[in-house]
file run.txt (compact mmCIF, C-alpha atoms)
# COMPACT_ATOMS: atom_id res chain seq x y z
CA MET N 1 109.48 100.35 120.57
CA LYS N 2 111.22 102.06 117.66
CA ARG N 3 111.00 98.79 115.71
CA THR N 4 107.23 98.73 116.30
CA VAL N 5 106.82 102.20 114.83
CA ILE N 6 108.95 101.28 111.83
CA ALA N 7 106.87 98.16 111.31
CA VAL N 8 103.62 100.15 111.37
CA VAL N 9 104.95 102.51 108.72
CA THR N 10 105.91 99.48 106.64
CA LEU N 11 102.45 98.06 107.20
CA SER N 12 100.76 101.09 105.68
CA GLY N 13 102.98 100.56 102.65
CA ALA N 14 101.95 96.94 102.35
CA LEU N 15 98.32 98.01 102.36
CA ALA N 16 99.02 100.21 99.36
CA LEU N 17 99.84 97.11 97.37
CA ALA N 18 96.54 95.58 98.48
CA GLY N 19 94.58 98.42 97.00
CA CYS N 20 93.76 100.03 100.31
CA GLY N 21 93.77 103.55 101.70
CA SER N 22 93.39 106.87 99.93
CA SER N 23 95.05 109.01 97.29
CA SER N 24 93.27 112.19 98.35
CA PRO N 25 93.62 112.28 102.14
CA THR N 26 90.92 114.09 104.11
CA THR N 27 90.33 114.16 107.84
CA THR N 28 87.44 112.02 109.07
CA ALA N 29 86.47 113.41 112.45
CA GLN N 30 83.28 111.40 112.90
CA PRO N 31 82.65 107.68 112.45
CA SER N 32 81.62 106.80 108.94
CA THR N 33 80.82 103.73 106.88
CA SER N 34 81.66 102.66 103.35
CA VAL N 35 79.63 99.98 101.60
CA SER N 36 80.33 98.42 98.22
CA SER N 37 77.58 98.00 95.66
CA ALA N 38 75.76 94.68 95.39
CA SER N 39 77.57 91.87 93.68
CA THR N 40 76.34 89.79 90.83
CA GLY N 41 74.93 86.33 91.36
CA SER N 42 78.33 84.81 90.85
CA GLY N 43 79.80 86.99 93.59
CA THR N 44 81.88 89.04 91.17
CA THR N 45 80.80 92.36 89.70
CA SER N 46 81.35 92.62 85.96
CA THR N 47 83.85 95.27 84.93
CA THR N 48 84.01 97.69 82.04
CA SER N 49 87.72 97.30 81.41
CA THR N 50 88.78 95.80 78.13
CA PRO N 51 90.26 92.30 78.53
CA SER N 52 93.87 91.92 77.49
CA ALA N 53 94.55 90.90 73.94
CA ALA N 54 95.66 87.34 73.25
CA VAL N 55 99.15 86.86 74.62
CA THR N 56 101.88 84.27 74.25
CA PRO N 57 104.82 83.46 76.52
CA GLY N 58 107.70 85.84 75.89
CA ALA N 59 105.50 88.63 74.53
CA THR N 60 106.33 92.06 76.00
CA SER N 61 104.26 95.18 76.58
CA ASP N 62 104.31 98.50 78.42
CA ALA N 63 103.98 97.76 82.15
CA ALA N 64 102.28 101.12 82.80
CA GLU N 65 99.56 100.27 80.30
CA LEU N 66 98.97 96.97 82.08
CA GLY N 67 98.76 98.86 85.37
CA LYS N 68 96.25 101.28 83.88
CA ARG N 69 93.98 98.45 82.74
CA MET N 70 94.26 96.73 86.09
CA GLY N 71 93.45 99.91 88.00
CA ALA N 72 90.35 100.52 85.91
CA ALA N 73 89.21 96.94 86.47
CA MET N 74 89.65 97.24 90.24
CA VAL N 75 87.59 100.43 90.41
CA ALA N 76 84.88 98.89 88.22
CA ALA N 77 84.69 95.81 90.48
CA LYS N 78 84.24 98.22 93.43
CA SER N 79 85.40 95.86 96.15
CA GLY N 80 87.53 92.85 96.90
CA LYS N 81 89.49 90.90 99.48
CA GLY N 82 93.03 89.70 99.86
CA THR N 83 95.66 88.00 101.95
CA LEU N 84 99.13 89.47 102.22
CA SER N 85 102.54 88.73 103.58
CA MET N 86 105.61 90.88 103.84
CA SER N 87 109.14 89.89 104.74
CA SER N 88 112.34 91.89 105.10
CA SER N 89 115.32 92.14 107.40
CA ALA N 90 113.31 94.52 109.61
CA VAL N 91 109.87 92.92 109.82
CA ASN N 92 107.70 89.99 108.81
CA LEU N 93 103.93 90.20 108.73
CA THR N 94 100.90 88.30 107.51
CA GLY N 95 97.33 89.46 107.23
CA THR N 96 94.00 89.70 105.50
CA THR N 97 92.28 92.72 104.04
CA GLN N 98 88.99 93.85 102.52
CA PHE N 99 88.54 97.03 100.52
CA VAL N 100 85.88 99.07 98.76
CA TYR N 101 86.37 101.85 96.20
CA THR N 102 84.26 104.90 97.03
CA SER N 103 85.49 106.80 93.95
CA PRO N 104 87.98 106.26 91.10
CA THR N 105 90.76 107.58 93.35
CA GLN N 106 89.57 106.53 96.79
CA ALA N 107 89.34 103.17 98.56
CA ASP N 108 88.55 102.41 102.20
CA THR N 109 89.84 99.26 103.88
CA THR N 110 89.75 97.03 106.91
CA ALA N 111 92.54 94.61 107.73
CA SER N 112 93.86 92.28 110.40
CA MET N 113 97.51 91.33 110.59
CA ALA N 114 100.19 89.94 112.82
CA MET N 115 103.80 91.04 113.12
CA MET N 116 106.51 91.00 115.78
CA GLY N 117 104.16 89.31 118.21
CA ILE N 118 101.54 92.04 117.80
CA ASN N 119 98.05 91.49 116.39
CA LEU N 120 96.85 94.62 114.65
CA GLN N 121 93.50 95.72 113.32
CA VAL N 122 93.72 98.47 110.73
CA VAL N 123 90.89 100.54 109.30
CA SER N 124 91.35 103.22 106.65
CA VAL N 125 88.49 105.63 105.94
CA GLY N 126 88.86 108.77 103.83
CA GLY N 127 92.63 108.56 103.92
CA VAL N 128 92.84 108.39 107.72
CA ILE N 129 94.26 105.16 109.14
CA TYR N 130 93.09 103.78 112.49
CA MET N 131 95.07 101.04 114.26
CA LYS N 132 94.16 98.84 117.22
CA GLY N 133 96.58 96.59 119.06
CA LEU N 134 99.54 98.90 119.66
CA PRO N 135 100.97 99.38 123.17
CA THR N 136 98.82 101.87 125.11
CA GLN N 137 101.83 104.06 125.85
CA LEU N 138 101.85 104.87 122.13
CA THR N 139 98.13 105.62 121.91
CA GLY N 140 97.50 107.89 124.87
CA GLY N 141 95.65 105.09 126.63
CA LYS N 142 93.06 104.81 123.87
CA GLU N 143 92.00 101.55 122.22
CA TRP N 144 92.65 102.92 118.75
CA VAL N 145 95.25 105.34 117.38
CA LYS N 146 94.78 107.59 114.37
CA VAL N 147 97.34 108.27 111.65
CA ASP N 148 96.19 111.24 109.59
CA PRO N 149 98.27 112.33 106.57
CA LYS N 150 97.30 115.90 107.49
CA GLY N 151 98.17 115.45 111.17
CA THR N 152 101.08 117.08 112.99
CA ASP N 153 102.11 114.10 115.14
CA ALA N 154 105.31 112.21 114.31
CA MET N 155 103.56 109.16 112.85
CA SER N 156 101.31 111.23 110.60
CA LYS N 157 104.28 113.26 109.40
CA ALA N 158 106.19 110.06 108.59
CA MET N 159 103.26 108.80 106.54
CA ARG N 160 102.99 112.10 104.68
CA GLU N 161 106.73 112.32 104.02
CA GLY N 162 106.62 108.74 102.74
CA GLY N 163 104.25 109.90 100.01
CA SER N 164 101.59 107.33 100.84
CA THR N 165 98.96 107.20 98.10
CA ALA N 166 97.42 103.88 99.02
CA GLY N 167 94.25 102.97 97.21
CA ASP N 168 94.72 105.11 94.14
CA PRO N 169 95.09 102.90 91.05
CA GLN N 170 97.27 105.64 89.61
CA THR N 171 99.87 104.69 92.21
CA MET N 172 100.38 101.36 90.49
CA VAL N 173 100.46 103.00 87.06
CA ASP N 174 103.08 105.51 88.17
CA ALA N 175 105.17 102.80 89.83
CA LEU N 176 105.21 100.72 86.65
CA LYS N 177 106.18 103.57 84.33
CA GLY N 178 109.27 102.71 82.35
CA GLY N 179 108.87 99.02 83.10
CA THR N 180 108.41 96.10 80.75
CA ALA N 181 105.78 93.39 81.27
CA THR N 182 106.81 90.02 79.84
CA VAL N 183 104.30 87.18 79.63
CA VAL N 184 105.53 84.17 81.59
CA ASP N 185 102.58 81.88 80.92
CA THR N 186 98.80 81.69 80.69
CA ASN N 187 96.52 79.31 82.56
CA GLY N 188 92.75 79.08 82.91
CA GLY N 189 92.19 82.56 81.56
CA ASN N 190 94.85 84.08 83.82
CA THR N 191 98.02 85.71 82.53
CA HIS N 192 101.26 85.71 84.53
CA TYR N 193 103.64 88.61 83.88
CA LYS N 194 107.19 89.33 85.03
CA ILE N 195 107.66 93.08 85.30
CA THR N 196 111.18 94.50 85.20
CA GLY N 197 112.83 97.87 84.74
CA ILE N 198 110.90 99.60 87.51
CA THR N 199 112.39 101.66 90.35
CA GLY N 200 110.32 100.27 93.20
CA ILE N 201 106.63 99.88 93.97
CA ALA N 202 105.14 102.78 95.90
CA GLY N 203 104.40 101.78 99.47
CA SER N 204 106.52 98.63 99.49
CA GLY N 205 109.25 100.23 101.54
CA ALA N 206 111.45 100.14 98.44
CA THR N 207 110.26 103.21 96.55
CA GLY N 208 113.07 104.93 94.67
CA THR N 209 115.38 101.94 94.71
CA THR N 210 116.57 100.13 91.63
CA GLY N 211 116.23 96.53 90.59
CA ALA N 212 112.64 95.99 91.74
CA THR N 213 110.78 93.14 90.09
CA MET N 214 107.14 92.14 90.17
CA ASP N 215 105.38 88.90 89.35
CA LEU N 216 101.79 89.82 88.53
CA THR N 217 98.93 87.51 87.59
CA VAL N 218 95.68 88.99 86.25
CA ASP N 219 92.47 87.33 85.11
CA SER N 220 90.67 87.76 81.78
CA LYS N 221 89.16 91.07 83.00
CA ASP N 222 92.57 92.42 84.08
CA LEU N 223 91.69 92.05 87.76
CA PRO N 224 94.74 91.10 89.84
CA VAL N 225 94.89 87.54 91.11
CA LYS N 226 98.33 87.66 92.72
CA SER N 227 101.27 90.02 92.94
CA VAL N 228 104.75 89.43 94.31
CA VAL N 229 107.09 92.41 94.62
CA GLU N 230 110.76 92.07 95.51
CA SER N 231 113.15 94.95 96.01
CA SER N 232 116.15 95.61 98.26
CA GLY N 233 115.50 92.60 100.46
CA THR N 234 111.79 93.29 100.86
CA LYS N 235 109.19 90.87 99.49
CA VAL N 236 105.47 91.61 99.48
CA THR N 237 102.94 89.01 98.33
CA VAL N 238 99.24 89.72 97.87
CA ASP N 239 96.61 87.16 96.83
CA TYR N 240 93.31 88.74 95.70
CA SER N 241 89.83 87.21 95.79
CA ASP N 242 86.07 87.85 95.95
CA TRP N 243 86.00 90.77 93.55
CA GLY N 244 82.57 92.44 93.72
CA THR N 245 81.59 90.88 97.04
CA PRO N 246 80.01 93.58 99.26
CA VAL N 247 82.43 95.07 101.81
CA ILE N 248 81.58 97.34 104.74
CA VAL N 249 84.23 99.61 106.28
CA THR N 250 83.46 101.61 109.45
CA ALA N 251 85.73 103.99 111.35
CA PRO N 252 85.92 103.42 115.13
CA PRO N 253 84.00 105.76 117.49
CA ALA N 254 85.85 109.07 117.95
CA ASP N 255 85.99 108.71 121.74
CA GLN N 256 87.99 105.49 121.37
CA VAL N 257 90.66 107.06 119.15
CA GLY N 258 93.92 108.60 120.32
CA THR N 259 96.93 110.09 118.53
CA MET N 260 100.25 108.32 118.17
CA SER N 261 102.72 109.62 120.72
CA ALA N 262 106.20 108.74 121.94
CA PRO N 263 106.28 106.66 125.15
CA LYS N 264 107.16 108.55 128.34
CA SER N 265 110.47 107.66 129.90
call {"tool": "encode", "arguments": {"input": "run.txt", "output": "structure tokens"}}
result
Amino acid sequence: MKRTVIAVVTLSGALALAGCGSSSPTTTAQPSTSVSSASTGSGTTSTTSTPSAAVTPGATSDAAELGKRMGAAMVAAKSGKGTLSMSSSAVNLTGTTQFVYTSPTQADTTASMAMMGINLQVVSVGGVIYMKGLPTQLTGGKEWVKVDPKGTDAMSKAMREGGSTAGDPQTMVDALKGGTATVVDTNGGNTHYKITGITGIAGSGATGTTGATMDLTVDSKDLPVKSVVESSGTKVTVDYSDWGTPVIVTAPPADQVGTMSAPKS
């Protein structure tokens, strides 16, 4: 059971890399819904970020500046989708996610993922994470369990102490500070960077460690196409798609939500 709890904490970190969650946690007591703005005819909302300047293999730049451009492009696109996988000595998971930015520092998300034989549904609204699929002895018999960064239960405290800031583009910028982005290659308007010299990507389960590397591919508008983060035996891969496609995120009914608790002996 302890491994399950550890895996769920790791899961919330993986969602941070997918652009999900909240940087300004607030309690959401009642069900609510987030809807992205309408997409363009091509299915991708145009962004206001400035496309990267012409690059050549081997060229280097400030990784934090790249992160800043990417964050702005994500917020401008308003919504997107992704598939993710995470592997480490403790847990392996795969999943899909959809997310919508409700403000420059706030994104809500819905995700489905599988790990350790458990199929989880995860919804994040206003910084509060709701999970479905955990053993009922952990959820007080409820279908869903709530993890609130402002909560006093053990799981909420662990999330808060972990410094989760999922969904805030600034998280990526801060994580890349001090790093160097080197162009690996360009293809079809996409640019592939190798980012080194960073101390760990926030939420990856490797924050604060040394030797983290990131392979990041962005399109001509600086929207992420794919990211692969490796640090201390943990590898997180996220493939992004459908930028600007409308996304709806709804919190589960309050009467179906419990609070994470330790199983009774």
call {"tool": "residues_around", "arguments": {"input": "run.txt", "residues": "Val184 in chain N", "least_positions_apart": "2", "cutoff": "6 Å", "atoms": "all atoms listed in the file", "output": "list in words"}}
result
Pro57, His192 and Tyr193 of chain N
call {"tool": "atom_distance", "arguments": {"input": "run.txt", "atom1": "CA of Lys81 in chain N", "atom2": "CA of Ala114 in chain N"}}
result
17.1 Å
call {"tool": "residues_near_point", "arguments": {"input": "run.txt", "point": "(87.3, 97.3, 100.3)", "cutoff": "6 Å", "atoms": "all atoms listed in the file", "output": "ChimeraX atom specification"}}
result
/N:79-80,98-100,108-109,247
call {"tool": "atom_distance", "arguments": {"input": "run.txt", "atom1": "CA of Gly58 in chain N", "atom2": "CA of Gly189 in chain N"}}
result
16.8 Å
call {"tool": "atom_distance", "arguments": {"input": "run.txt", "atom1": "CA of Thr97 in chain N", "atom2": "CA of Gly117 in chain N"}}
result
18.8 Å
call {"tool": "closest_residue", "arguments": {"input": "run.txt", "among": "N:Val229, N:Val123, N:Leu223, N:Val236", "to": "Pro253 in chain N", "atoms": "all atoms listed in the file"}}
result
N:Val123
call {"tool": "residues_around", "arguments": {"input": "run.txt", "residues": "Ser88 in chain N", "least_positions_apart": "6", "cutoff": "7 Å", "atoms": "all atoms listed in the file", "output": "mmCIF file with C-alpha atoms, in the coordinates of the input"}}
result
data_model
loop_
_atom_site.group_PDB
_atom_site.id
_atom_site.type_symbol
_atom_site.label_atom_id
_atom_site.label_comp_id
_atom_site.auth_asym_id
_atom_site.auth_seq_id
_atom_site.Cartn_x
_atom_site.Cartn_y
_atom_site.Cartn_z
ATOM 1 C CA GLY N 233 115.500 92.600 100.460
ATOM 2 C CA THR N 234 111.790 93.290 100.860
ATOM 3 C CA LYS N 235 109.190 90.870 99.490
#
call {"tool": "residues_around", "arguments": {"input": "run.txt", "residues": "Gly82 in chain N", "least_positions_apart": "4", "cutoff": "8 Å", "atoms": "all atoms listed in the file", "output": "tab-separated table (two decimals) with C-alpha atoms, in the coordinates of the input"}}
result
chain	number	residue	atom	x	y	z
N	18	ALA	CA	96.54	95.58	98.48
N	96	THR	CA	94.00	89.70	105.50
N	97	THR	CA	92.28	92.72	104.04
N	98	GLN	CA	88.99	93.85	102.52
N	238	VAL	CA	99.24	89.72	97.87
N	239	ASP	CA	96.61	87.16	96.83
N	240	TYR	CA	93.31	88.74	95.70
N	241	SER	CA	89.83	87.21	95.79
call {"tool": "closest_residue", "arguments": {"input": "run.txt", "among": "N:Tyr130, N:Gln106, N:Thr180, N:Thr186", "to": "Lys142 in chain N", "atoms": "only C-alpha atoms"}}
result
N:Tyr130
call {"tool": "residues_around", "arguments": {"input": "run.txt", "residues": "Lys132 in chain N", "least_positions_apart": "4", "cutoff": "6 Å", "atoms": "all atoms listed in the file", "output": "MDAnalysis selection string"}}
result
chainID N and resid 120:121 144
call {"tool": "closest_residue", "arguments": {"input": "run.txt", "among": "N:Asp255, N:Asp174, N:Asp215, N:Glu230", "to": "Lys68 in chain N", "atoms": "all atoms listed in the file"}}
result
N:Asp174
call {"tool": "closest_residue", "arguments": {"input": "run.txt", "among": "N:Thr196, N:Ser261, N:Thr94, N:Thr213", "to": "Lys146 in chain N", "atoms": "only C-alpha atoms"}}
result
N:Ser261
call {"tool": "closest_residue", "arguments": {"input": "run.txt", "among": "N:Gly133, N:Pro224, N:Gly258, N:Gly127", "to": "Ser112 in chain N", "atoms": "all atoms listed in the file"}}
result
N:Gly133
call {"tool": "residues_around", "arguments": {"input": "run.txt", "residues": "Thr182 in chain N", "least_positions_apart": "5", "cutoff": "7 Å", "atoms": "only C-alpha atoms", "output": "PyMOL selection string"}}
result
chain N and resi 58-61+193-195
call {"tool": "decode", "arguments": {"input": "run.txt", "residues": "range 85-109 of chain N", "atoms": "N, CA, C and O atoms", "output": "compact mmCIF listing (two decimals), in the first residue's frame"}}
result
# COMPACT_ATOMS: atom_id res chain seq x y z
N SER N 85 4.62 8.91 -20.29
CA SER N 85 5.10 7.68 -19.68
C SER N 85 6.17 8.06 -18.68
O SER N 85 6.87 9.06 -18.85
N MET N 86 6.26 7.27 -17.63
CA MET N 86 7.25 7.54 -16.59
C MET N 86 7.81 6.21 -16.11
O MET N 86 7.06 5.26 -15.89
N SER N 87 9.11 6.13 -16.00
CA SER N 87 9.74 4.90 -15.54
C SER N 87 10.84 5.23 -14.54
O SER N 87 11.57 6.20 -14.68
N SER N 88 10.91 4.40 -13.50
CA SER N 88 11.94 4.54 -12.49
C SER N 88 12.04 3.21 -11.76
O SER N 88 11.29 2.27 -12.05
N SER N 89 12.93 3.13 -10.81
CA SER N 89 13.06 1.89 -10.05
C SER N 89 11.85 1.64 -9.17
O SER N 89 11.57 0.51 -8.77
N ALA N 90 11.07 2.71 -8.89
CA ALA N 90 9.92 2.59 -7.99
C ALA N 90 8.61 2.36 -8.71
O ALA N 90 7.73 1.66 -8.20
N VAL N 91 8.45 2.93 -9.91
CA VAL N 91 7.15 2.88 -10.56
C VAL N 91 7.28 3.08 -12.06
O VAL N 91 8.20 3.76 -12.53
N ASN N 92 6.37 2.47 -12.80
CA ASN N 92 6.24 2.71 -14.23
C ASN N 92 4.78 3.06 -14.50
O ASN N 92 3.88 2.42 -13.95
N LEU N 93 4.55 4.06 -15.32
CA LEU N 93 3.18 4.43 -15.64
C LEU N 93 3.08 4.93 -17.07
O LEU N 93 4.06 5.40 -17.65
N THR N 94 1.89 4.80 -17.62
CA THR N 94 1.58 5.36 -18.93
C THR N 94 0.23 6.04 -18.83
O THR N 94 -0.60 5.67 -17.98
N GLY N 95 -0.02 7.03 -19.67
CA GLY N 95 -1.30 7.70 -19.59
C GLY N 95 -1.52 8.74 -20.66
O GLY N 95 -0.65 8.99 -21.50
N THR N 96 -2.71 9.30 -20.63
CA THR N 96 -3.07 10.39 -21.53
C THR N 96 -3.61 11.54 -20.70
O THR N 96 -4.11 11.34 -19.58
N THR N 97 -3.51 12.73 -21.21
CA THR N 97 -3.96 13.90 -20.47
C THR N 97 -4.50 14.97 -21.40
O THR N 97 -4.10 15.04 -22.57
N GLN N 98 -5.42 15.78 -20.89
CA GLN N 98 -5.91 16.97 -21.58
C GLN N 98 -5.88 18.11 -20.59
O GLN N 98 -6.14 17.91 -19.40
N PHE N 99 -5.57 19.31 -21.05
CA PHE N 99 -5.47 20.42 -20.12
C PHE N 99 -5.93 21.73 -20.77
O PHE N 99 -5.87 21.89 -21.99
N VAL N 100 -6.39 22.63 -19.91
CA VAL N 100 -6.86 23.93 -20.37
C VAL N 100 -6.37 25.00 -19.39
O VAL N 100 -6.51 24.86 -18.17
N TYR N 101 -5.75 26.06 -19.93
CA TYR N 101 -5.30 27.17 -19.09
C TYR N 101 -6.46 28.10 -18.82
O TYR N 101 -7.11 28.59 -19.73
N THR N 102 -6.74 28.34 -17.55
CA THR N 102 -7.80 29.26 -17.15
C THR N 102 -7.26 30.64 -16.81
O THR N 102 -8.02 31.58 -16.64
N SER N 103 -5.94 30.75 -16.72
CA SER N 103 -5.26 32.03 -16.50
C SER N 103 -3.79 31.80 -16.85
O SER N 103 -3.37 30.66 -17.06
N PRO N 104 -2.98 32.86 -16.89
CA PRO N 104 -1.55 32.68 -17.20
C PRO N 104 -0.81 31.79 -16.22
O PRO N 104 0.26 31.28 -16.53
N THR N 105 -1.36 31.60 -15.01
CA THR N 105 -0.68 30.77 -14.01
C THR N 105 -1.55 29.63 -13.51
O THR N 105 -1.30 29.07 -12.45
N GLN N 106 -2.57 29.28 -14.26
CA GLN N 106 -3.49 28.25 -13.80
C GLN N 106 -3.95 27.37 -14.95
O GLN N 106 -4.43 27.87 -15.98
N ALA N 107 -3.82 26.06 -14.79
CA ALA N 107 -4.33 25.12 -15.77
C ALA N 107 -5.08 24.01 -15.04
O ALA N 107 -4.66 23.55 -13.99
N ASP N 108 -6.21 23.59 -15.60
CA ASP N 108 -6.96 22.45 -15.08
C ASP N 108 -6.75 21.28 -16.03
O ASP N 108 -6.50 21.48 -17.22
N THR N 109 -6.87 20.06 -15.51
CA THR N 109 -6.54 18.89 -16.32
C THR N 109 -7.41 17.70 -16.01
O THR N 109 -7.98 17.58 -14.93
